[in-house]
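Peer 1: Please see the structure below; I have some questions.
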Amino acid sequence: MTEPDKRPETKPAEPPASLIVGIDLGTTNSLAAAVFEHGPEAIHKPGQGPIVPSVLLRKEGRWVVGEAARAQRTEAPERTVFSVKRLMGRDIQDLAEDLPRLPYTVEAAQRGLVKVRVGDETFTPQELSAEILKAVKREAEEALGMPIERAVVTVPAYFDDAQRQATRDAGRIAGLEVVRIVNEPTAAAIAYGLDEQQRGTVAVYDLGGGTFDISILELSGSVFKVLSTHGDTHLGGDDFDHEVAQEIKRRILADRPDAELERPGPSMLLRKIGEQIKIDLSGADETPFSVELPGQNLQFSDVFAAETLNRLIEPYLDSTLESCRKALDAAGKTPEQIDDVVLVGGSSRIPLVRRKVEGFFGRRPNVSIDPDEVVAIGAGVQGHLLAGGRRDYVLLDVIPLSLGIETLGGTFSKLITANTTIPAQATELFTTYVDNQTGVDLNIYQGEREFVRDCRNLGRFKLKGLPAMPAGLPKVEVAFLVDANGILTVSAVEQRSGQEARIEVIPSHGLTNAEIERIMDEAIEHAVDDLNQRQMVEFRNMAQAVFQGIEKAWPEAEEMLPKAQRVRIRAQMEMVKRAAAGENPIALRFEMDQLGELTRPLADTNMGRAALTELRKFFEDHSGDEHDSG
Ligand code: AMP
């Protein structure tokens with residue numbers, strides 16, 4: 001059961017021109033938050049929640065995103081896409097573990113990209129995430145009544161450069177300037193104001209629907225360092241739903257051994273009931289439930305105890321605590337050295353989760369902020385600080401994994417090491433091995449291992465047009481620059497000749513600028529399409545209302561209007577019908593205008609007044625539409 005929304009409805013604290021919202025772009029759910037006059041809060045329309053499920057449904061050549069897509073996912077599984085975040089910035093090899101669990105088709109594309117196939121169309125994860133961002137943006141714009149152009153977007157702390165870059169590209173495609181990318185645990189800590197304490201060690205325990213992450217952060221001055229992360233990308237509330245469903249199944253079969261519960265329909269139903277039981281048990285010691293399968297003449301009712309749920313999920317929770325121990329070890333900390341624990345993710349509402357986490361760290365976790373909203377709220381606070389120009393007060397993150405290039409023998413030479421505070425810059429001089437070499441190939445990697453084969457390739461960097469010189473003479477200065485979002489740009493210059501060498505950076509995982517621009521152009525084309533379609537629907541409805549008005553007023557028309565005029569009206573009604581059957585709103589509007597002119601005298605009669613006055617008002621409201629849609 002959802003509680004009615006009692007949250008206050010007020011204005012953002014920032015003037016519209018400088019507003020920067022925070023967006024949590026999640027695997028299962030996404031949402032936006034901002035700082036209001038009364039404080040930071042998730043953005044929502046009155047009487048509605050702020051959450052947009054990260055689910056997409058392809059319908060008649062366009063995307064339906066959010067709750068509507070989630071609700072229909074069982075009816076159109078072949079056109080439904082979810083968990084897009086798992087695909088961001090990854091190649092097909094990276095996804096070996098994920099692909100068997102995803103019901104949709106993922107194909108390898110050029111330059112390590114993957115694409116999702118829906119029918120005979122394919123989409124990059126960036127485009128799909130952009131659709132989710134657009135939906136969040138649209139919801140937030142409607143709630144605030146103002147356009148949103150800039151956002152702080154969060155990513156898991158372990159996201160590498162390719163995954164961050166993909167997230168940034170998704171923002172660009174969605175028409176959002178991503179002013180900063182912030183680590184999710186850092187955002188959660190900021191939401192609790194832990195940044196104001198200036199120093200300390202924070203554990204962020206994030207248990208969602210399908211993933212578990214533990215991050216150990218160290219705060220010193222205005223810098224949050226991610227000391228370590230651990231987790232399980234396939235552990236979460238979905239597993240608990242499955243366990244509860246299995247338990248119900250056992251009970252039903254004990255009673256009705258003939259029941260067929262493995263089929264997709266009953267399986268899906270049991271999972272849904274399983275999730276509801278699990279959620280109910282976060283606020284009760286036991287809960288009644290019933291399963292009805294009329295097709296199998298089956299009706300089963302029973303009671304589920306919290307104790308049973310706890311027994312079923314305990315092994316999973318123990319495994320999360322094992323991850324916590326590993327993360328602490330990697331950070332060189334003991335549980336006693338943790339100053340604050342923050343809970344994130346919908347599954348952290350389960351009382352046993354809270355008890356276990358409290359037992360492990362020996363301190364009560366911070367739970368006062370809604371665990372589904374805490375990351376977006378922290379990002380909103382960052383956005384607020386950035387919008388206010390208080391860069392001095394803005395917390396900094398660190399580079400999660402070292403960046404460098406491949407050197408002789410496939411070794412990895414680090415230019416910027418992990419945990420360097422961003423923005424960061426490093427330069428190194430390179431030279432040639434062969435006489436008269438005019439080009440150098442540089443391979444950029446990210447990781448902590450000694451050999452590049454164990455690191456992640458981020459891109460190739462080709463330096464061309466060097467003047468012919470003996471080997472060892474050219475001095476090529478390669479510069480790595482990591483901006484405040486943790487995103488890398490590489491540049492190079494040959495110093496000896498003073499000649500500017502031409503450089504090309506080819507991302508191994510990601511979209512080129514040209515590709516992003518093409519996707520954006522397509523989106524703009526579609527936007528015009530969408531607007532046209534919406535107008536067609538509106539104009540058609542209006543035409544129908546006007547026709548009804550004319551028919552009603554017709555007896556009076558016979559008295560008032562000469563026959564020739566009436567014939568012209570009938571002919572014009574046919575023209576409107578024909579235009580309404582087409583797809584061009586401007587043509588329909590033109591024919592409606594003509595009809596309006598011809599029927600003007602009828603608008604003054606009693607019968608036709610309502611509809612025809614409305615017609616006139618409608619034309620006034622839509623004057624100038626042609627300009628908007630052109
Ligand atoms: P998230 O991925 O953070 O959005 O979390 C979604 C997960 O939280 C889903 O598995 C939900 O079933 C679960 N969840 C949401 N509310 C509750 C609750 N009150 N008790 C237990 N689990 C919940």
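Labeling convention for the structure tokens: chains A, B, ... as they appear, residues from 1 per chain, ligands from 1 in order of appearance.
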Val179 of chain A: which residues within 9 Å, counting only C-alpha atoms, same-chain residues fewer than 4 positions away excluded, as a list in words?
Peer 2: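 In the requested form, the answer reads Ile20, Arg150, Ala151, Val152, Val153, Gly383, Leu386, Ala484 and Asn485 of chain A.
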Peer 1: Which residues are close to Ala571 of chain A, i.e. within 12 Å by only C-alpha atoms, leaving aside same-chain residues fewer than 6 positions away? Reply as a PyMOL selection string.
Peer 2: chain A and resi 564-565+577-578+591+594-595+598
Peer 1: Write the residues of the preceding selection, restricted to all heavy atoms, as a CSV table (one decimal), in the first residue's frame.
Peer 2:
chain,number,residue,atom,x,y,z
A,564,ALA,N,-26.7,27.2,-51.1
A,564,ALA,CA,-25.4,27.1,-51.6
A,564,ALA,C,-24.4,27.1,-50.4
A,564,ALA,O,-23.4,26.3,-50.4
A,564,ALA,CB,-25.1,28.4,-52.5
A,565,GLN,N,-24.6,27.9,-49.4
A,565,GLN,CA,-23.7,27.9,-48.2
A,565,GLN,C,-23.7,26.6,-47.5
A,565,GLN,O,-22.7,26.1,-47.1
A,565,GLN,CB,-24.2,29.0,-47.2
A,565,GLN,CG,-23.5,29.1,-45.9
A,565,GLN,CD,-22.4,30.1,-45.9
A,565,GLN,OE1,-22.1,30.7,-47.0
A,565,GLN,NE2,-21.7,30.3,-44.8
A,577,LYS,N,-12.6,15.8,-43.0
A,577,LYS,CA,-12.5,14.3,-42.8
A,577,LYS,C,-11.3,13.8,-43.5
A,577,LYS,O,-10.6,12.9,-43.0
A,577,LYS,CB,-13.8,13.6,-43.4
A,577,LYS,CG,-14.9,13.5,-42.3
A,577,LYS,CD,-16.0,12.6,-42.8
A,577,LYS,CE,-17.3,12.9,-42.3
A,577,LYS,NZ,-18.4,12.5,-43.1
A,578,ARG,N,-11.1,14.2,-44.8
A,578,ARG,CA,-10.0,13.7,-45.5
A,578,ARG,C,-8.7,14.1,-44.8
A,578,ARG,O,-7.8,13.3,-44.7
A,578,ARG,CB,-10.0,14.2,-46.9
A,578,ARG,CG,-9.3,13.3,-47.9
A,578,ARG,CD,-9.6,13.7,-49.4
A,578,ARG,NE,-11.0,13.7,-49.7
A,578,ARG,CZ,-11.5,14.3,-50.8
A,578,ARG,NH1,-10.6,15.0,-51.6
A,578,ARG,NH2,-12.7,14.3,-51.2
A,591,GLU,N,-8.0,23.1,-43.1
A,591,GLU,CA,-9.4,22.8,-43.5
A,591,GLU,C,-10.3,23.1,-42.3
A,591,GLU,O,-11.5,23.6,-42.6
A,591,GLU,CB,-9.5,21.3,-43.8
A,591,GLU,CG,-8.5,20.8,-44.9
A,591,GLU,CD,-8.8,21.5,-46.2
A,591,GLU,OE1,-9.8,22.2,-46.4
A,591,GLU,OE2,-8.0,21.3,-47.2
A,594,GLN,N,-11.1,26.8,-42.5
A,594,GLN,CA,-12.1,27.1,-43.6
A,594,GLN,C,-13.5,26.7,-43.1
A,594,GLN,O,-14.5,27.5,-43.3
A,594,GLN,CB,-11.8,26.2,-44.8
A,594,GLN,CG,-10.5,26.3,-45.4
A,594,GLN,CD,-10.3,27.7,-46.0
A,594,GLN,OE1,-11.1,28.2,-46.8
A,594,GLN,NE2,-9.2,28.4,-45.6
A,595,LEU,N,-13.7,25.6,-42.4
A,595,LEU,CA,-15.0,25.2,-41.9
A,595,LEU,C,-15.5,26.2,-40.9
A,595,LEU,O,-16.6,26.6,-40.8
A,595,LEU,CB,-14.9,23.8,-41.2
A,595,LEU,CG,-16.2,23.2,-40.8
A,595,LEU,CD1,-17.1,23.0,-41.9
A,595,LEU,CD2,-15.9,21.9,-40.1
A,598,LEU,N,-16.9,29.2,-42.7
A,598,LEU,CA,-18.2,28.9,-43.3
A,598,LEU,C,-19.4,28.8,-42.3
A,598,LEU,O,-20.5,29.1,-42.5
A,598,LEU,CB,-18.2,27.6,-44.1
A,598,LEU,CG,-17.3,27.7,-45.4
A,598,LEU,CD1,-17.2,26.3,-46.0
A,598,LEU,CD2,-18.1,28.5,-46.4
Peer 1: Give the answer as one residue: which of A:Asp120, A:Glu373, A:Asp339, A:Glu14 has the shortest atom-to-atom distance to ligand 1, using only C-alpha atoms and all ligand atoms?
Peer 2: A:Glu373
Peer 1: In Å, with one decimal, what is the gap from atom CA of Ile277 of chain A to atom 2 (O, counted along the ligand's line) of ligand 1?
Peer 2: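 Answer for the atom CA of Ile277 of chain A to atom 2 (O, counted along the ligand's line) of ligand 1 separation: 17.1 Å.
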Peer 1: Could you make a table, as JSON lines, of the residues of chain A that have an atom within 8 Å of an atom of ligand 1, each with its nearest atom pair and distance in Å to one decimal, counting only C-alpha atoms and all ligand atoms, in chain and number order?
Peer 2:
{"residue": "A:Gly26", "atom": "CA", "partner": "ligand 1", "partner_atom_place_in_ligand_line": "2 (O)", "distance": 7.2}
{"residue": "A:Thr27", "atom": "CA", "partner": "ligand 1", "partner_atom_place_in_ligand_line": "2 (O)", "distance": 6.7}
{"residue": "A:Thr28", "atom": "CA", "partner": "ligand 1", "partner_atom_place_in_ligand_line": "2 (O)", "distance": 5.2}
{"residue": "A:Asn29", "atom": "CA", "partner": "ligand 1", "partner_atom_place_in_ligand_line": "4 (O)", "distance": 5.2}
{"residue": "A:Ser30", "atom": "CA", "partner": "ligand 1", "partner_atom_place_in_ligand_line": "4 (O)", "distance": 8.0}
{"residue": "A:Asp206", "atom": "CA", "partner": "ligand 1", "partner_atom_place_in_ligand_line": "3 (O)", "distance": 7.6}
{"residue": "A:Leu207", "atom": "CA", "partner": "ligand 1", "partner_atom_place_in_ligand_line": "3 (O)", "distance": 6.4}
{"residue": "A:Gly208", "atom": "CA", "partner": "ligand 1", "partner_atom_place_in_ligand_line": "2 (O)", "distance": 3.4}
{"residue": "A:Gly209", "atom": "CA", "partner": "ligand 1", "partner_atom_place_in_ligand_line": "10 (O)", "distance": 3.5}
{"residue": "A:Gly210", "atom": "CA", "partner": "ligand 1", "partner_atom_place_in_ligand_line": "2 (O)", "distance": 6.3}
{"residue": "A:Thr211", "atom": "CA", "partner": "ligand 1", "partner_atom_place_in_ligand_line": "2 (O)", "distance": 7.2}
{"residue": "A:Gly236", "atom": "CA", "partner": "ligand 1", "partner_atom_place_in_ligand_line": "10 (O)", "distance": 6.3}
{"residue": "A:Gly237", "atom": "CA", "partner": "ligand 1", "partner_atom_place_in_ligand_line": "10 (O)", "distance": 3.4}
{"residue": "A:Asp238", "atom": "CA", "partner": "ligand 1", "partner_atom_place_in_ligand_line": "10 (O)", "distance": 5.0}
{"residue": "A:Phe240", "atom": "CA", "partner": "ligand 1", "partner_atom_place_in_ligand_line": "10 (O)", "distance": 7.6}
{"residue": "A:Asp241", "atom": "CA", "partner": "ligand 1", "partner_atom_place_in_ligand_line": "12 (O)", "distance": 7.3}
{"residue": "A:Glu275", "atom": "CA", "partner": "ligand 1", "partner_atom_place_in_ligand_line": "12 (O)", "distance": 5.5}
{"residue": "A:Gln276", "atom": "CA", "partner": "ligand 1", "partner_atom_place_in_ligand_line": "12 (O)", "distance": 7.6}
{"residue": "A:Lys278", "atom": "CA", "partner": "ligand 1", "partner_atom_place_in_ligand_line": "21 (C)", "distance": 5.6}
{"residue": "A:Ile279", "atom": "CA", "partner": "ligand 1", "partner_atom_place_in_ligand_line": "20 (N)", "distance": 3.8}
{"residue": "A:Asp280", "atom": "CA", "partner": "ligand 1", "partner_atom_place_in_ligand_line": "19 (N)", "distance": 6.8}
{"residue": "A:Leu281", "atom": "CA", "partner": "ligand 1", "partner_atom_place_in_ligand_line": "20 (N)", "distance": 7.0}
{"residue": "A:Ser282", "atom": "CA", "partner": "ligand 1", "partner_atom_place_in_ligand_line": "20 (N)", "distance": 4.8}
{"residue": "A:Gly283", "atom": "CA", "partner": "ligand 1", "partner_atom_place_in_ligand_line": "19 (N)", "distance": 7.4}
{"residue": "A:Val344", "atom": "CA", "partner": "ligand 1", "partner_atom_place_in_ligand_line": "3 (O)", "distance": 6.8}
{"residue": "A:Gly345", "atom": "CA", "partner": "ligand 1", "partner_atom_place_in_ligand_line": "3 (O)", "distance": 3.3}
{"residue": "A:Gly346", "atom": "CA", "partner": "ligand 1", "partner_atom_place_in_ligand_line": "8 (O)", "distance": 3.2}
{"residue": "A:Ser347", "atom": "CA", "partner": "ligand 1", "partner_atom_place_in_ligand_line": "8 (O)", "distance": 4.0}
{"residue": "A:Ser348", "atom": "CA", "partner": "ligand 1", "partner_atom_place_in_ligand_line": "22 (N)", "distance": 6.9}
{"residue": "A:Arg349", "atom": "CA", "partner": "ligand 1", "partner_atom_place_in_ligand_line": "20 (N)", "distance": 4.8}
{"residue": "A:Ile350", "atom": "CA", "partner": "ligand 1", "partner_atom_place_in_ligand_line": "21 (C)", "distance": 4.8}
{"residue": "A:Pro371", "atom": "CA", "partner": "ligand 1", "partner_atom_place_in_ligand_line": "3 (O)", "distance": 7.0}
{"residue": "A:Asp372", "atom": "CA", "partner": "ligand 1", "partner_atom_place_in_ligand_line": "3 (O)", "distance": 5.2}
Peer 1: Those residues with C-alpha atoms, as a PDB file, in the first residue's frame please?
Peer 2:
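Output file part.pdb is given in full below:
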ATOM      1  CA  GLY A  26      19.496   3.477 -11.524  1.00  0.00           C
ATOM      2  CA  THR A  27      19.380  -0.124 -12.723  1.00  0.00           C
ATOM      3  CA  THR A  28      15.743  -0.565 -11.626  1.00  0.00           C
ATOM      4  CA  ASN A  29      14.562   2.950 -10.796  1.00  0.00           C
ATOM      5  CA  SER A  30      15.568   6.510 -11.605  1.00  0.00           C
ATOM      6  CA  ASP A 206      23.479  -0.213  -0.818  1.00  0.00           C
ATOM      7  CA  LEU A 207      21.082  -3.138  -1.268  1.00  0.00           C
ATOM      8  CA  GLY A 208      18.697  -2.641  -4.180  1.00  0.00           C
ATOM      9  CA  GLY A 209      16.515  -4.869  -6.336  1.00  0.00           C
ATOM     10  CA  GLY A 210      19.279  -6.627  -8.249  1.00  0.00           C
ATOM     11  CA  THR A 211      22.613  -5.344  -6.965  1.00  0.00           C
ATOM     12  CA  GLY A 236      19.211  -8.067  -4.146  1.00  0.00           C
ATOM     13  CA  GLY A 237      15.494  -7.880  -3.516  1.00  0.00           C
ATOM     14  CA  ASP A 238      14.740  -9.959  -6.623  1.00  0.00           C
ATOM     15  CA  PHE A 240      14.264 -12.477  -1.865  1.00  0.00           C
ATOM     16  CA  ASP A 241      11.101 -12.378  -4.014  1.00  0.00           C
ATOM     17  CA  GLU A 275       7.474  -9.303  -3.488  1.00  0.00           C
ATOM     18  CA  GLN A 276       4.303  -7.958  -1.862  1.00  0.00           C
ATOM     19  CA  LYS A 278       8.306  -9.301   1.498  1.00  0.00           C
ATOM     20  CA  ILE A 279       7.387  -5.607   1.479  1.00  0.00           C
ATOM     21  CA  ASP A 280       4.465  -6.121   3.894  1.00  0.00           C
ATOM     22  CA  LEU A 281       6.775  -7.951   6.283  1.00  0.00           C
ATOM     23  CA  SER A 282       8.992  -4.871   6.594  1.00  0.00           C
ATOM     24  CA  GLY A 283       6.162  -3.480   8.740  1.00  0.00           C
ATOM     25  CA  VAL A 344      20.770   2.956   0.526  1.00  0.00           C
ATOM     26  CA  GLY A 345      18.408   0.950  -1.714  1.00  0.00           C
ATOM     27  CA  GLY A 346      14.837  -0.288  -1.305  1.00  0.00           C
ATOM     28  CA  SER A 347      15.869  -3.607   0.263  1.00  0.00           C
ATOM     29  CA  SER A 348      17.599  -1.833   3.146  1.00  0.00           C
ATOM     30  CA  ARG A 349      14.087  -1.286   4.550  1.00  0.00           C
ATOM     31  CA  ILE A 350      13.977  -4.918   5.636  1.00  0.00           C
ATOM     32  CA  PRO A 371      16.708   4.809   0.894  1.00  0.00           C
ATOM     33  CA  ASP A 372      15.302   5.034  -2.655  1.00  0.00           C
TER      34      ASP A 372
END
Peer 1: Please compute the atom CA of Ala170 of chain A-atom CA of Ile148 of chain A distance, one decimal, in Å.
Peer 2: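 Result for atom CA of Ala170 of chain A versus atom CA of Ile148 of chain A: 15.5 Å, one decimal.
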Peer 1: Determine which residues of segment 281-378 of chain A receive a DSSP assignment of strand (DSSP E), computed from the backbone, and state them as a PDB file with N, CA and C atoms, in the first residue's frame.
Peer 2:
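part07.pdb written:
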ATOM      1  N   GLU A 286       3.717 -10.800  10.605  1.00  0.00           N
ATOM      2  CA  GLU A 286       3.201 -11.804   9.670  1.00  0.00           C
ATOM      3  C   GLU A 286       2.192 -11.155   8.749  1.00  0.00           C
ATOM      4  N   THR A 287       1.920 -11.809   7.619  1.00  0.00           N
ATOM      5  CA  THR A 287       0.981 -11.211   6.678  1.00  0.00           C
ATOM      6  C   THR A 287       0.212 -12.324   5.960  1.00  0.00           C
ATOM      7  N   PRO A 288      -1.128 -12.141   5.803  1.00  0.00           N
ATOM      8  CA  PRO A 288      -1.890 -13.158   5.084  1.00  0.00           C
ATOM      9  C   PRO A 288      -1.689 -12.984   3.576  1.00  0.00           C
ATOM     10  N   PHE A 289      -1.835 -14.059   2.827  1.00  0.00           N
ATOM     11  CA  PHE A 289      -1.750 -13.954   1.365  1.00  0.00           C
ATOM     12  C   PHE A 289      -2.647 -15.011   0.744  1.00  0.00           C
ATOM     13  N   SER A 290      -3.024 -14.779  -0.495  1.00  0.00           N
ATOM     14  CA  SER A 290      -3.763 -15.826  -1.203  1.00  0.00           C
ATOM     15  C   SER A 290      -3.355 -15.859  -2.665  1.00  0.00           C
ATOM     16  N   VAL A 291      -3.404 -17.056  -3.220  1.00  0.00           N
ATOM     17  CA  VAL A 291      -3.027 -17.278  -4.621  1.00  0.00           C
ATOM     18  C   VAL A 291      -4.251 -17.851  -5.325  1.00  0.00           C
ATOM     19  N   GLU A 292      -4.629 -17.209  -6.434  1.00  0.00           N
ATOM     20  CA  GLU A 292      -5.782 -17.716  -7.186  1.00  0.00           C
ATOM     21  C   GLU A 292      -5.365 -18.024  -8.603  1.00  0.00           C
ATOM     22  N   LEU A 293      -5.615 -19.253  -9.025  1.00  0.00           N
ATOM     23  CA  LEU A 293      -5.358 -19.638 -10.418  1.00  0.00           C
ATOM     24  C   LEU A 293      -6.642 -20.272 -10.947  1.00  0.00           C
ATOM     25  N   LEU A 298      -7.699 -23.365  -8.726  1.00  0.00           N
ATOM     26  CA  LEU A 298      -6.869 -23.361  -7.522  1.00  0.00           C
ATOM     27  C   LEU A 298      -7.073 -22.078  -6.727  1.00  0.00           C
ATOM     28  N   GLN A 299      -7.343 -22.273  -5.450  1.00  0.00           N
ATOM     29  CA  GLN A 299      -7.461 -21.116  -4.544  1.00  0.00           C
ATOM     30  C   GLN A 299      -6.744 -21.493  -3.267  1.00  0.00           C
ATOM     31  N   PHE A 300      -5.678 -20.721  -2.927  1.00  0.00           N
ATOM     32  CA  PHE A 300      -4.857 -21.104  -1.782  1.00  0.00           C
ATOM     33  C   PHE A 300      -4.629 -19.880  -0.887  1.00  0.00           C
ATOM     34  N   SER A 301      -4.883 -20.020   0.396  1.00  0.00           N
ATOM     35  CA  SER A 301      -4.647 -18.915   1.335  1.00  0.00           C
ATOM     36  C   SER A 301      -3.813 -19.408   2.499  1.00  0.00           C
ATOM     37  N   ASP A 302      -2.963 -18.530   2.994  1.00  0.00           N
ATOM     38  CA  ASP A 302      -2.116 -18.911   4.132  1.00  0.00           C
ATOM     39  C   ASP A 302      -1.567 -17.628   4.761  1.00  0.00           C
ATOM     40  N   VAL A 303      -0.716 -17.812   5.758  1.00  0.00           N
ATOM     41  CA  VAL A 303      -0.090 -16.667   6.427  1.00  0.00           C
ATOM     42  C   VAL A 303       1.417 -16.830   6.310  1.00  0.00           C
ATOM     43  N   PHE A 304       2.121 -15.720   6.033  1.00  0.00           N
ATOM     44  CA  PHE A 304       3.582 -15.765   5.917  1.00  0.00           C
ATOM     45  C   PHE A 304       4.182 -15.013   7.098  1.00  0.00           C
ATOM     46  N   ALA A 305       5.107 -15.635   7.812  1.00  0.00           N
ATOM     47  CA  ALA A 305       5.700 -15.000   8.995  1.00  0.00           C
ATOM     48  C   ALA A 305       7.031 -14.341   8.632  1.00  0.00           C
ATOM     49  N   ASP A 340      30.495   6.384  10.440  1.00  0.00           N
ATOM     50  CA  ASP A 340      29.096   6.486  10.040  1.00  0.00           C
ATOM     51  C   ASP A 340      28.757   5.378   9.062  1.00  0.00           C
ATOM     52  N   VAL A 341      27.532   4.872   9.193  1.00  0.00           N
ATOM     53  CA  VAL A 341      27.044   3.879   8.238  1.00  0.00           C
ATOM     54  C   VAL A 341      25.780   4.456   7.599  1.00  0.00           C
ATOM     55  N   VAL A 342      25.700   4.367   6.282  1.00  0.00           N
ATOM     56  CA  VAL A 342      24.544   4.906   5.563  1.00  0.00           C
ATOM     57  C   VAL A 342      23.872   3.765   4.797  1.00  0.00           C
ATOM     58  N   LEU A 343      22.553   3.671   4.894  1.00  0.00           N
ATOM     59  CA  LEU A 343      21.817   2.639   4.164  1.00  0.00           C
ATOM     60  C   LEU A 343      21.152   3.227   2.922  1.00  0.00           C
ATOM     61  N   VAL A 344      21.317   2.527   1.810  1.00  0.00           N
ATOM     62  CA  VAL A 344      20.770   2.956   0.526  1.00  0.00           C
ATOM     63  C   VAL A 344      20.061   1.754  -0.101  1.00  0.00           C
TER      64      VAL A 344
END
Peer 1: From the options A:Arg70, A:Arg180, A:Arg256, A:Arg600, which residue's atoms come nearest to Gly380 of chain A, counting only C-alpha atoms?
Peer 2: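 Nearest candidate to Gly380 of chain A out of A:Arg70, A:Arg180, A:Arg256, A:Arg600: A:Arg180.
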Peer 1: Here is a test: counting only C-alpha atoms, which residue of A:Leu57, A:Ala189, A:Leu442, A:Val482 is nearest to Lys464 of chain A?
Peer 2: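 So, comparing all the options, the nearest one is A:Leu442.
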Peer 1: Just to confirm, what's the straight-line distance from atom CA of Glu141 of chain A to atom CA of Pro40 of chain A in Å (one decimal)?
Peer 2: 16.6 Å
Peer 1: Given the choices A:Ser129, A:Gln48, A:Thr320, A:Gln163, which gets closest to Val81 of chain A if the distance is worked out from only C-alpha atoms?
Peer 2: A:Ser129
Peer 1: Would you please work out which residue, of A:Thr599, A:Ser54, A:Asn532, A:Ser319, is nearest to Ile132 of chain A when using only C-alpha atoms?
Peer 2: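 Closest to Ile132 of chain A of all the choices is A:Ser54.
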